[in-house]
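The data block below is target-v9.txt; it holds compact mmCIF, C-alpha atoms and all ligand atoms.
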```txt
# COMPACT_ATOMS: atom_id res chain seq x y z
CA MET U 275 94.83 185.12 15.60
CA PRO U 276 94.95 187.18 12.37
CA ASP U 277 98.23 187.78 10.56
CA PRO U 278 99.86 190.62 12.58
CA ALA U 279 101.12 192.41 9.45
CA ALA U 280 97.63 192.40 7.86
CA LEU U 281 96.07 193.57 11.12
CA ARG U 282 98.61 196.35 11.48
CA ARG U 283 98.02 197.52 7.89
CA ALA U 284 94.24 197.51 8.34
CA ALA U 285 94.37 199.37 11.67
CA ARG U 286 96.77 201.91 10.21
CA ARG U 287 94.42 202.51 7.30
CA VAL U 288 91.55 203.31 9.69
CA LEU U 289 93.64 205.79 11.65
CA LEU U 290 94.99 207.50 8.54
CA ARG U 291 91.47 207.89 7.12
CA ASN U 292 90.07 209.23 10.37
CA TRP U 293 92.88 211.80 10.82
CA THR U 294 91.66 215.31 9.98
CA GLY U 295 94.97 217.20 10.02
CA ALA U 296 95.15 218.05 13.73
CA SER U 297 93.22 215.24 15.43
CA THR U 298 91.26 212.07 14.74
CA VAL U 299 87.47 211.62 14.51
CA PRO U 300 86.08 208.51 16.23
CA SER U 301 84.26 207.81 12.94
CA HIS U 302 83.49 210.13 10.02
CA GLY U 303 79.74 209.46 9.90
CA LEU U 304 78.50 209.02 13.47
CA TYR U 305 81.06 211.13 15.36
CA PRO U 306 82.58 213.74 13.01
CA HIS U 307 84.36 215.87 15.68
CA GLN U 308 87.07 215.32 18.30
CA TRP U 309 86.08 213.44 21.47
CA SER U 310 88.03 213.69 24.69
CA TRP U 311 88.61 210.14 25.93
CA ASP U 312 88.61 208.81 22.37
CA SER U 313 91.60 211.03 21.66
CA ALA U 314 93.45 209.66 24.68
CA PHE U 315 92.95 206.06 23.51
CA ILE U 316 93.71 207.03 19.91
CA ALA U 317 97.00 208.68 20.95
CA ILE U 318 97.99 205.48 22.75
CA GLY U 319 97.74 203.63 19.43
CA LEU U 320 98.96 206.43 17.17
CA ARG U 321 102.28 206.50 19.05
CA HIS U 322 103.15 203.30 17.22
CA LEU U 323 102.63 205.00 13.84
CA SER U 324 103.81 208.54 14.52
CA VAL U 325 104.85 209.94 17.87
CA VAL U 326 104.45 213.46 16.50
CA ARG U 327 100.87 212.78 15.43
CA ALA U 328 100.06 211.22 18.80
CA GLN U 329 101.41 214.32 20.54
CA ARG U 330 99.39 216.53 18.22
CA GLU U 331 96.19 214.58 18.98
CA LEU U 332 96.49 215.38 22.70
CA GLU U 333 97.69 218.93 22.18
CA THR U 334 94.75 219.76 19.91
CA LEU U 335 92.35 218.55 22.57
CA LEU U 336 94.09 220.39 25.37
CA ALA U 337 94.21 223.60 23.35
CA ALA U 338 90.42 223.70 23.84
CA GLN U 339 90.71 223.45 27.63
CA TRP U 340 88.61 225.92 29.60
CA GLY U 341 89.99 228.51 32.04
CA ASP U 342 88.60 226.55 34.99
CA GLY U 343 90.65 223.52 33.88
CA ARG U 344 87.90 221.37 32.37
CA VAL U 345 88.69 219.47 29.19
CA PRO U 346 85.50 219.44 27.10
CA HIS U 347 84.13 216.14 25.92
CA ILE U 348 83.80 217.35 22.31
CA VAL U 349 85.91 219.85 20.37
CA PHE U 350 83.89 220.82 17.31
CA ASN U 351 85.33 220.92 13.82
CA ARG U 352 83.99 224.14 12.33
CA THR U 353 84.06 222.74 8.78
CA VAL U 354 81.47 220.05 9.62
CA PRO U 355 77.83 221.07 8.90
CA LEU U 356 75.75 221.73 12.04
CA GLY U 357 73.22 219.00 11.23
CA ALA U 358 75.87 216.27 11.03
CA TYR U 359 75.92 215.64 14.80
CA PHE U 360 73.55 216.41 17.63
CA PRO U 361 73.99 218.26 19.97
CA SER U 362 75.88 220.70 17.73
CA PRO U 363 77.78 223.88 18.71
CA ASP U 364 74.61 225.99 18.50
CA PHE U 365 73.16 223.87 21.31
CA TRP U 366 76.17 224.05 23.65
CA ARG U 367 77.07 227.70 22.80
CA SER U 368 80.28 227.27 24.78
CA SER U 369 82.07 230.46 23.73
CA THR U 370 79.21 232.61 25.03
CA ALA U 371 77.32 230.55 27.65
CA GLY U 372 80.59 229.18 29.05
CA ALA U 373 82.52 232.45 29.05
CA ALA U 374 82.33 232.88 32.84
CA ALA U 375 83.76 229.38 33.31
CA GLY U 376 86.60 230.28 30.94
CA ALA U 377 85.45 228.58 27.73
CA PRO U 378 87.78 229.50 24.87
CA ALA U 379 86.53 232.17 22.45
CA ASP U 380 88.18 230.78 19.33
CA VAL U 381 86.80 227.23 19.28
CA GLU U 382 83.39 225.72 20.02
CA THR U 383 83.18 222.80 22.43
CA SER U 384 80.67 220.96 24.58
CA GLY U 385 80.51 221.96 28.26
CA ILE U 386 80.67 218.55 29.92
CA VAL U 387 83.71 216.28 30.38
CA GLN U 388 84.77 212.66 29.86
CA PRO U 389 87.00 210.30 31.85
CA PRO U 390 90.53 211.62 32.52
CA VAL U 391 92.65 209.15 30.54
CA HIS U 392 94.84 211.93 29.15
CA ALA U 393 97.78 211.98 31.56
CA LEU U 394 98.10 208.22 31.18
CA ALA U 395 98.03 208.65 27.40
CA ALA U 396 100.56 211.51 27.51
CA TRP U 397 102.96 209.39 29.56
CA LEU U 398 102.63 206.43 27.19
CA VAL U 399 103.18 208.72 24.18
CA HIS U 400 106.27 210.15 25.88
CA GLU U 401 107.60 206.69 26.66
CA ALA U 402 107.33 205.68 23.00
CA ASP U 403 110.22 208.05 22.18
CA PRO U 404 111.49 209.99 25.21
CA ALA U 405 114.25 211.75 23.26
CA GLU U 406 111.85 213.10 20.63
CA SER U 407 109.37 214.03 23.37
CA ALA U 408 112.08 215.99 25.22
CA ARG U 409 113.31 217.65 22.02
CA ARG U 410 109.80 218.92 21.27
CA GLY U 411 109.10 219.94 24.87
CA PHE U 412 105.98 217.76 24.83
CA LEU U 413 105.69 217.07 28.56
CA THR U 414 106.72 220.62 29.49
CA ARG U 415 103.77 221.99 27.51
CA LEU U 416 101.28 219.37 28.64
CA TYR U 417 102.09 219.10 32.33
CA PRO U 418 100.43 222.36 33.52
CA ARG U 419 97.34 221.65 31.43
CA LEU U 420 96.99 218.11 32.73
CA ALA U 421 97.51 219.30 36.31
CA ALA U 422 94.80 221.97 35.83
CA TRP U 423 92.47 219.32 34.38
CA HIS U 424 92.84 217.09 37.42
CA GLY U 425 92.53 220.21 39.59
CA TYR U 426 89.15 220.98 38.01
CA LEU U 427 87.86 217.48 38.77
CA ALA U 428 89.13 217.50 42.35
CA GLY U 429 88.09 221.10 43.04
CA HIS U 430 84.72 221.41 41.28
CA ARG U 431 83.37 217.90 41.10
CA ASP U 432 83.48 216.44 44.58
CA LEU U 433 79.71 216.76 44.78
CA GLY U 434 79.36 213.89 47.25
CA GLY U 435 81.85 215.49 49.66
CA HIS U 436 83.88 212.31 50.25
CA GLY U 437 86.86 212.96 48.01
CA LEU U 438 85.57 211.28 44.83
CA VAL U 439 84.74 212.91 41.51
CA SER U 440 81.08 213.02 40.39
CA MET U 441 79.84 212.94 36.82
CA VAL U 442 76.86 215.18 36.10
CA HIS U 443 75.62 213.81 32.78
CA PRO U 444 75.41 210.21 31.43
CA TRP U 445 77.68 211.26 28.55
CA GLU U 446 80.44 212.12 31.03
CA PRO U 447 81.48 208.61 32.17
CA GLY U 448 81.45 207.65 28.47
CA MET U 449 79.06 204.72 29.05
CA ASP U 450 76.04 206.73 27.96
CA ASN U 451 73.09 204.38 28.50
CA SER U 452 74.55 202.07 31.14
CA PRO U 453 71.73 200.48 33.20
CA CYS U 454 73.42 202.16 36.20
CA TRP U 455 71.97 205.47 35.05
CA ASP U 456 68.37 204.25 34.73
CA GLY U 457 67.56 204.99 38.40
CA PRO U 458 69.28 208.38 38.71
CA LEU U 459 67.93 209.44 35.26
CA SER U 460 64.34 208.50 36.11
CA ARG U 461 64.12 211.67 38.19
CA VAL U 462 65.00 213.87 35.19
CA GLU U 463 62.13 215.43 33.23
CA PRO U 464 62.86 214.70 29.53
CA ALA U 465 63.01 217.56 27.01
CA GLU U 466 60.08 217.74 24.57
CA PRO U 467 60.55 215.00 21.93
CA GLY U 468 60.01 217.48 19.06
CA SER U 469 62.57 219.97 20.38
CA PHE U 470 65.63 218.21 18.89
CA ARG U 471 66.62 215.92 16.02
CA ARG U 472 68.76 212.84 16.61
CA ALA U 473 71.47 212.86 13.93
CA ASP U 474 72.86 209.58 15.36
CA LEU U 475 69.96 207.65 13.85
CA ASP U 476 71.11 208.72 10.35
CA HIS U 477 74.13 206.45 10.90
CA GLY U 478 73.27 203.80 13.50
CA ALA U 479 70.56 201.17 13.93
CA ALA U 480 68.01 202.39 16.51
CA ALA U 481 68.21 199.01 18.33
CA ASP U 482 71.97 199.52 18.85
CA ARG U 483 71.57 203.05 20.24
CA PRO U 484 70.04 204.75 23.32
CA THR U 485 66.25 205.29 23.28
CA ASP U 486 64.41 208.55 22.53
CA LEU U 487 63.47 208.80 26.20
CA ASP U 488 67.17 208.59 27.15
CA TYR U 489 67.94 211.34 24.64
CA GLY U 490 65.19 213.58 26.03
CA ARG U 491 66.84 213.34 29.44
CA TYR U 492 70.37 213.86 28.06
CA VAL U 493 69.15 217.04 26.37
CA ARG U 494 67.41 218.35 29.49
CA LEU U 495 70.51 217.86 31.68
CA ALA U 496 72.88 219.46 29.18
CA ALA U 497 70.54 222.44 28.62
CA ASP U 498 70.22 222.98 32.40
CA TYR U 499 74.00 223.00 32.81
CA ARG U 500 74.37 225.41 29.90
CA ASP U 501 71.65 227.69 31.25
CA HIS U 502 73.61 227.94 34.50
CA GLY U 503 76.72 229.04 32.60
CA TYR U 504 78.34 225.60 33.11
CA ARG U 505 79.18 226.81 36.64
CA ASP U 506 79.16 223.73 38.86
CA ALA U 507 78.46 225.66 42.05
CA ASP U 508 75.32 227.24 40.54
CA THR U 509 73.87 224.23 38.68
CA PRO U 510 71.42 222.00 40.61
CA HIS U 511 72.88 218.88 38.86
CA ALA U 512 69.77 216.67 39.04
CA PHE U 513 72.04 213.80 37.95
CA ALA U 514 75.22 213.25 39.96
CA VAL U 515 76.97 209.90 40.20
CA GLU U 516 80.29 208.63 41.50
CA ASP U 517 81.54 206.16 38.93
CA PRO U 518 84.31 203.69 39.86
CA SER U 519 85.72 203.67 36.34
CA VAL U 520 86.10 207.45 36.12
CA ASN U 521 87.70 207.63 39.55
CA ALA U 522 90.01 204.70 38.79
CA LEU U 523 91.11 206.36 35.54
CA LEU U 524 91.81 209.56 37.48
CA ILE U 525 93.96 207.58 39.92
CA ALA U 526 95.89 205.88 37.10
CA SER U 527 96.34 209.28 35.44
CA GLU U 528 97.47 210.86 38.70
CA HIS U 529 100.20 208.18 38.91
CA ALA U 530 101.12 209.05 35.31
CA LEU U 531 101.22 212.74 36.26
CA ALA U 532 103.64 211.87 39.06
CA ALA U 533 105.86 210.14 36.47
CA ILE U 534 105.58 213.19 34.19
CA ALA U 535 106.51 215.53 37.06
CA GLY U 536 109.50 213.31 37.87
CA ALA U 537 110.68 213.35 34.25
CA LEU U 538 110.54 217.16 34.28
CA GLY U 539 112.45 217.45 37.57
CA ALA U 540 109.30 218.62 39.40
CA ASP U 541 107.97 217.23 42.67
CA PRO U 542 105.81 214.12 42.08
CA SER U 543 104.63 213.86 45.69
CA PRO U 544 101.39 215.93 45.42
CA HIS U 545 100.23 213.60 42.63
CA LEU U 546 101.11 210.48 44.55
CA ALA U 547 99.36 211.86 47.62
CA ARG U 548 96.20 212.59 45.62
CA ALA U 549 96.30 209.13 44.04
CA GLU U 550 96.53 207.60 47.49
CA ARG U 551 93.65 209.70 48.86
CA LEU U 552 91.48 208.85 45.88
CA THR U 553 92.28 205.15 46.19
CA GLY U 554 91.25 205.21 49.84
CA ALA U 555 88.00 207.01 49.01
CA LEU U 556 87.28 204.67 46.09
CA VAL U 557 87.60 201.58 48.26
CA SER U 558 85.81 202.95 51.30
CA ARG U 559 82.91 204.47 49.36
CA LEU U 560 82.32 202.30 46.28
CA TRP U 561 83.66 198.81 47.07
CA ASP U 562 80.95 196.20 47.67
CA ALA U 563 82.44 193.02 49.12
CA ASP U 564 79.22 191.02 48.68
CA ALA U 565 78.92 191.84 45.00
CA GLY U 566 82.71 191.44 44.55
CA LEU U 567 83.04 194.63 42.54
CA PHE U 568 82.81 198.40 42.81
CA LEU U 569 79.34 199.93 42.53
CA CYS U 570 78.36 203.33 41.18
CA ARG U 571 76.84 205.67 43.71
CA ASP U 572 73.80 207.86 43.13
CA VAL U 573 74.89 211.02 44.94
CA ARG U 574 71.44 212.62 44.85
CA ALA U 575 69.76 209.54 46.38
CA GLY U 576 72.69 208.99 48.75
CA ALA U 577 72.76 205.28 47.88
CA PRO U 578 74.74 202.75 45.83
CA VAL U 579 73.36 201.69 42.45
CA ARG U 580 72.84 197.93 42.74
CA GLU U 581 73.74 197.02 39.15
CA ARG U 582 76.86 195.19 37.98
CA SER U 583 78.54 197.30 35.32
CA VAL U 584 81.99 196.71 33.89
CA ALA U 585 82.77 200.14 35.35
CA GLY U 586 83.05 198.24 38.63
CA LEU U 587 85.90 196.07 37.31
CA ILE U 588 87.96 198.88 35.79
CA PRO U 589 89.65 199.74 39.12
CA LEU U 590 91.88 196.76 38.27
CA ILE U 591 94.04 199.40 36.56
CA VAL U 592 94.70 201.15 39.90
CA PRO U 593 98.30 200.37 40.94
CA GLY U 594 97.89 200.41 44.72
CA LEU U 595 94.65 198.45 45.03
CA PRO U 596 94.46 196.32 48.24
CA ALA U 597 95.32 192.71 47.33
CA ASP U 598 92.05 191.24 48.65
CA VAL U 599 90.04 193.69 46.52
CA ALA U 600 92.10 192.93 43.41
CA ASP U 601 91.69 189.17 43.99
CA ALA U 602 87.93 189.54 44.37
CA LEU U 603 87.77 191.58 41.14
CA LEU U 604 89.64 188.84 39.28
CA ARG U 605 87.15 186.26 40.56
CA THR U 606 84.18 188.44 39.59
CA ALA U 607 85.55 189.06 36.10
CA ALA U 608 85.82 185.30 35.55
CA GLY U 609 82.46 184.50 37.14
CA GLU U 610 78.94 184.17 35.76
CA HIS U 611 78.30 187.93 35.52
CA PHE U 612 81.14 188.80 33.15
CA GLY U 613 82.30 185.44 31.82
CA LEU U 614 86.00 186.25 31.25
CA GLY U 615 87.77 183.16 29.91
CA GLY U 616 84.47 181.27 29.62
CA ALA U 617 81.10 182.23 28.17
CA VAL U 618 82.14 185.34 26.22
CA ARG U 619 84.73 186.44 23.68
CA LEU U 620 85.26 189.80 25.31
CA VAL U 621 84.12 191.18 28.65
CA PRO U 622 80.64 192.74 28.33
CA SER U 623 79.81 196.27 29.43
CA TYR U 624 77.09 195.00 31.75
CA ASP U 625 76.11 191.95 33.82
CA LEU U 626 75.31 188.93 31.61
CA ARG U 627 72.70 187.94 34.23
CA GLY U 628 71.33 191.45 34.75
CA ALA U 629 67.67 192.18 34.01
CA ALA U 630 68.63 195.00 31.63
CA PHE U 631 71.27 192.99 29.70
CA ASP U 632 71.01 193.45 25.91
CA PRO U 633 73.87 192.12 23.73
CA SER U 634 73.29 194.79 21.05
CA ARG U 635 72.34 198.01 22.74
CA TYR U 636 75.39 200.19 23.21
CA TRP U 637 76.54 200.27 26.84
CA ARG U 638 73.88 197.80 28.09
CA GLY U 639 75.78 194.61 27.31
CA PRO U 640 77.99 194.80 24.20
CA ALA U 641 81.75 194.46 24.62
CA TRP U 642 83.87 197.55 23.97
CA PHE U 643 87.54 197.58 22.99
CA ASN U 644 88.69 200.42 25.24
CA VAL U 645 87.20 198.66 28.26
CA ASN U 646 88.84 195.37 27.33
CA TRP U 647 92.15 197.12 26.73
CA LEU U 648 91.96 198.59 30.26
CA LEU U 649 91.07 195.19 31.73
CA GLU U 650 93.94 193.54 29.86
CA ARG U 651 96.29 196.04 31.47
CA GLY U 652 94.68 195.50 34.87
CA LEU U 653 94.94 191.71 34.65
CA ARG U 654 98.64 191.98 33.82
CA GLN U 655 99.20 194.43 36.66
CA HIS U 656 97.49 192.23 39.23
CA GLY U 657 99.25 188.96 38.50
CA ALA U 658 96.97 187.32 35.93
CA PRO U 659 99.23 187.25 32.83
CA GLU U 660 97.62 184.16 31.25
CA ARG U 661 94.18 185.71 31.42
CA ALA U 662 95.64 188.93 30.03
CA ASP U 663 97.27 187.03 27.13
CA ALA U 664 93.98 185.33 26.29
CA LEU U 665 92.07 188.61 26.41
CA ARG U 666 94.69 190.26 24.22
CA ALA U 667 94.39 187.51 21.61
CA ALA U 668 90.59 187.68 21.68
CA GLY U 669 90.68 191.47 21.40
CA LEU U 670 92.95 191.39 18.37
CA ALA U 671 90.97 188.66 16.60
CA THR U 672 87.62 190.34 17.28
CA ALA U 673 88.80 193.83 16.33
CA TYR U 674 90.02 192.55 12.96
CA ALA U 675 87.09 190.23 12.19
CA SER U 676 84.54 192.94 13.08
CA GLY U 677 86.10 195.55 10.78
CA PHE U 678 87.26 197.56 13.82
CA SER U 679 83.67 197.97 14.94
CA GLU U 680 82.62 200.31 17.69
CA TYR U 681 81.35 197.43 19.89
CA VAL U 682 80.45 193.77 19.50
CA ASP U 683 78.00 191.20 20.79
CA PRO U 684 80.01 189.79 23.72
CA TYR U 685 78.99 186.19 23.01
CA THR U 686 79.41 186.02 19.23
CA GLY U 687 81.80 188.89 18.52
CA GLN U 688 79.38 190.10 15.85
CA ALA U 689 79.99 193.73 14.85
CA ARG U 690 77.67 196.41 16.27
CA GLY U 691 77.58 200.18 15.94
CA THR U 692 79.77 201.90 13.41
CA ARG U 693 82.78 200.31 11.62
CA ASP U 694 86.34 201.63 11.17
CA PHE U 695 86.10 203.04 14.67
CA SER U 696 89.27 204.84 15.70
CA TRP U 697 89.90 203.62 19.25
CA THR U 698 89.28 200.02 18.20
CA ALA U 699 92.01 200.34 15.55
CA ALA U 700 94.33 202.32 17.82
CA LEU U 701 94.11 199.93 20.76
CA ALA U 702 94.56 196.93 18.47
CA LEU U 703 97.82 198.52 17.31
CA ASP U 704 98.83 198.99 20.91
CA LEU U 705 98.05 195.37 21.80
CA LEU U 706 100.10 194.22 18.83
CA ALA U 707 103.17 196.24 19.78
C1 LIG U 801 79.47 207.84 22.57
O1 LIG U 801 78.92 209.03 23.12
C2 LIG U 801 78.47 210.11 22.30
C3 LIG U 801 78.19 211.28 23.23
O2 LIG U 801 79.38 211.70 23.84
C4 LIG U 801 77.24 209.81 21.48
O3 LIG U 801 76.59 208.78 21.70
O4 LIG U 801 76.92 210.62 20.60
C5 LIG U 801 80.08 207.04 23.74
O5 LIG U 801 80.35 205.71 23.35
C6 LIG U 801 81.35 207.71 24.25
O6 LIG U 801 82.00 206.92 25.20
C7 LIG U 801 82.31 208.02 23.10
O7 LIG U 801 83.39 208.80 23.59
C8 LIG U 801 81.61 208.78 21.97
C9 LIG U 801 82.49 208.95 20.72
O8 LIG U 801 83.07 207.72 20.35
O9 LIG U 801 80.41 208.10 21.56
```
Could you write out this file's structure as structure tokens?
Ligand code: 2M8
Amino acid sequence: MPDPAALRRAARRVLLRNWTGASTVPSHGLYPHQWSWDSAFIAIGLRHLSVVRAQRELETLLAAQWGDGRVPHIVFNRTVPLGAYFPSPDFWRSSTAGAAAGAPADVETSGIVQPPVHALAAWLVHEADPAESARRGFLTRLYPRLAAWHGYLAGHRDLGGHGLVSMVHPWEPGMDNSPCWDGPLSRVEPAEPGSFRRADLDHGAAADRPTDLDYGRYVRLAADYRDHGYRDADTPHAFAVEDPSVNALLIASEHALAAIAGALGADPSPHLARAERLTGALVSRLWDADAGLFLCRDVRAGAPVRERSVAGLIPLIVPGLPADVADALLRTAAGEHFGLGGAVRLVPSYDLRGAAFDPSRYWRGPAWFNVNWLLERGLRQHGAPERADALRAAGLATAYASGFSEYVDPYTGQARGTRDFSWTAALALDLLA
């Protein structure tokens, strides 16, 4: 375990450097704009440095919310050159192509979304200093926006028709090249290789990143959505998946929204009712008792995706999970596929025994700090405090030793991806607190 004061100083330095004045970039080189779920995790850590800055992080993101309630996955910084990140604002063209869906006119954004961690983050930021939060009217301003965000997901994204939210692009669940998407993506015709330039390869090793074929398909799906005005009802959505992690995060955030409503003297019951409905749908539709974890579902094929992704363990953060399901998840986490408390330092993003496992390639095996932070919380919530303590210690040690890297080899803890990565620093601060 590193010296807590040294760790705190180092994490603070990362977050101060990555702050741009109104929000935080995930990393200056690879990701020079504001990302949606990154900002939620960053705010959770920033609250320990400055509650006002943590509030600002979330408010900047939500200021770019669309009229239909969606919170875009990227808010572009207009001072960053177009070639610094792909796809850039001239690809998404949100303010024009997204006008009918209510895209803001004064800021450029992407048109897809990321997991809804924001209400949970807002509640944790509020709890860090409730008096200051009340004085600044933080929850009063955020509550309607967060409610509209969840309303968009529930109202526009139940593509499977069973009460769960679908993601329509591999960038949406945040686990871009998870092996779970290989099947659903194989039906997508990739864009011409010469029609775009991958700026990510200017900053990251190709072996640590998605392949060119993956990128061709990402581009095709995003362009199709854009060319249908980002209107969900009009877009064919060749890729549509129900992801247990996204739905679990929505449930946790719906519980947080109930707490926010209660703090404002509003009625929390609609949020609790939605959380309960979603929990029922999650268990009945995505739970696989034989595998001992939740599976993603390919909505277009009408079938489960038979791959073990860490997304299937993340429902451990759901408060009202049936006890037998939670117990099975704890056993699976500690078993041969994920190695918690045994073979690995941190829980991998994908099945250690899976055919597609790769300890270096992005979301196909490496361990990620946001995922491990969520699992740590889930372990504590479901009666496994010793395991949670051990994971916390491993998370702190690995975050520090890897220079707050984006992800690590799950076996060795060796740094992968970019360094000085914001959510790694932010969540280390939160674990320390
Ligand atoms: C990664 O995704 C972006 C696209 O959104 C990319 O590869 O360019 C993912 O790890 C995602 O989860 C994360 O939010 C984003 C920024 O850190 O990077």
With only C-alpha atoms and all ligand atoms counted and 7 Å as the cut-off, give the residues of chain U in contact with ligand LIG 801 (chain U), each with its shortest interatomic distance in Å and the pair that gives it, as CSV.
```
residue,atom,partner,partner_atom,distance
U:Pro300,CA,U:LIG801,O8,5.2
U:Tyr305,CA,U:LIG801,C9,6.0
U:Trp309,CA,U:LIG801,O7,5.8
U:Ser310,CA,U:LIG801,O7,6.8
U:Trp311,CA,U:LIG801,O7,5.9
U:Asp312,CA,U:LIG801,O7,5.4
U:His347,CA,U:LIG801,O2,6.8
U:Trp445,CA,U:LIG801,O2,5.0
U:Gly448,CA,U:LIG801,O6,3.4
U:Met449,CA,U:LIG801,O6,5.3
U:Asp450,CA,U:LIG801,C5,5.9
U:Asp474,CA,U:LIG801,O4,6.7
```
Hey, could you make a per-residue contact list for segment 289-399 of chain U against segment 482-493 of chain U with 10 Å as the cut-off, showing the nearest pair of atoms and its distance in Å to one decimal, counting all atoms listed in the file, sorted by chain and number, as JSON lines?
```
{"residue": "U:Phe360", "atom": "CA", "partner": "U:Val493", "partner_atom": "CA", "distance": 9.8}
{"residue": "U:Pro361", "atom": "CA", "partner": "U:Val493", "partner_atom": "CA", "distance": 8.1}
{"residue": "U:Phe365", "atom": "CA", "partner": "U:Val493", "partner_atom": "CA", "distance": 9.4}
```
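If you measure from each of U:Arg286, U:Pro346, U:Val299, U:Asp403 to Gly319 of chain U using all atoms listed in the file, the closest one turns out to be U:Arg286.
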Q.
Would you pick out the contacts of segment 600-604 of chain U at 6 Å or less, using all atoms listed in the file, so that residues sharing its chain but fewer than 2 positions from it are not included, and give the list as a ChimeraX atom specification?
A. /U:566-567,597-598,606-607
Q. Atom CA of Trp397 of chain U and atom CA of Gly411 of chain U are how many Å apart?
A.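 Here the two named atoms are 13.1 Å from each other.
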**Q.** Option closest in space to Thr698 of chain U, from U:Gly536, U:Leu281, U:Ala555, U:Val391 [counting all atoms listed in the file]
**A.**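 That would be U:Leu281, the residue with the smallest distance to Thr698 of chain U.
The protein and nucleic acid residues lying at most 8 Å from segment 644-649 of chain U are Phe315, Val584, Leu587, Ile588, Leu590, Ile591, Leu620, Val621, Ser623, Ala662, Leu665, Arg666, Gly669, Trp697, Thr698, Leu701 and Leu705 of chain U, with only C-alpha atoms considered and sequence neighbours fewer than 5 positions away removed.
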Same residues, C-alpha atoms, output as an mmCIF file, in the coordinates of the input:
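Okay, again-v4.cif is ready:
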```cif
data_model
loop_
_atom_site.group_PDB
_atom_site.id
_atom_site.type_symbol
_atom_site.label_atom_id
_atom_site.label_comp_id
_atom_site.auth_asym_id
_atom_site.auth_seq_id
_atom_site.Cartn_x
_atom_site.Cartn_y
_atom_site.Cartn_z
ATOM 1 C CA PHE U 315 92.950 206.060 23.510
ATOM 2 C CA VAL U 584 81.990 196.710 33.890
ATOM 3 C CA LEU U 587 85.900 196.070 37.310
ATOM 4 C CA ILE U 588 87.960 198.880 35.790
ATOM 5 C CA LEU U 590 91.880 196.760 38.270
ATOM 6 C CA ILE U 591 94.040 199.400 36.560
ATOM 7 C CA LEU U 620 85.260 189.800 25.310
ATOM 8 C CA VAL U 621 84.120 191.180 28.650
ATOM 9 C CA SER U 623 79.810 196.270 29.430
ATOM 10 C CA ALA U 662 95.640 188.930 30.030
ATOM 11 C CA LEU U 665 92.070 188.610 26.410
ATOM 12 C CA ARG U 666 94.690 190.260 24.220
ATOM 13 C CA GLY U 669 90.680 191.470 21.400
ATOM 14 C CA TRP U 697 89.900 203.620 19.250
ATOM 15 C CA THR U 698 89.280 200.020 18.200
ATOM 16 C CA LEU U 701 94.110 199.930 20.760
ATOM 17 C CA LEU U 705 98.050 195.370 21.800
#
```
Q | U:Val442, U:Ala540, U:Ala481, U:Leu523 ranked by distance to Pro510 of chain U, top pick (using all atoms listed in the file) | A | U:Val442
Q | Test item: residues at most 10 Å from Val381 of chain U, all atoms listed in the file, excluding those fewer than 5 positions along its chain, as a list of chain:residue names | A |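 Here the answer would be U:Ala337, U:Ala338, U:Gln339, U:Val349, U:Phe350, U:Asn351, U:Arg352, U:Pro363, U:Ser368, U:Ser369.
Take the candidates U:Leu304, U:Ile316, U:Ala496, U:Ala374 and check each one against Arg472 of chain U using only C-alpha atoms; the shortest distance goes to U:Leu304.
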For Ser440 of chain U: contacts at 8 Å, only C-alpha atoms, fewer than 3 positions along chain excluded, given as a PDB file with C-alpha atoms, in the frame of the given file:
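The resulting file, result-v4.pdb, is shown below:
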```pdb
ATOM      1  CA  ARG U 431      83.370 217.900  41.100  1.00  0.00           C
ATOM      2  CA  ASP U 432      83.480 216.440  44.580  1.00  0.00           C
ATOM      3  CA  LEU U 433      79.710 216.760  44.780  1.00  0.00           C
ATOM      4  CA  GLY U 434      79.360 213.890  47.250  1.00  0.00           C
ATOM      5  CA  ALA U 514      75.220 213.250  39.960  1.00  0.00           C
ATOM      6  CA  VAL U 515      76.970 209.900  40.200  1.00  0.00           C
ATOM      7  CA  GLU U 516      80.290 208.630  41.500  1.00  0.00           C
ATOM      8  CA  ASP U 517      81.540 206.160  38.930  1.00  0.00           C
ATOM      9  CA  VAL U 573      74.890 211.020  44.940  1.00  0.00           C
TER      10      VAL U 573
END
```
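Across the model, the gap from atom CA of Thr334 of chain U to atom CA of Asn292 of chain U is 15.0 Å.
Between atom CA of Glu650 of chain U and atom CA of Ala668 of chain U the interatomic distance comes to 10.6 Å.
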Q: Rank U:Leu524, U:Tyr674, U:Pro589, U:Ala700 by their smallest atom-to-atom distance to Thr298 of chain U, using only C-alpha atoms, and report the top residue only.
A: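 The shortest atom-to-atom distance to Thr298 of chain U comes from U:Ala700.
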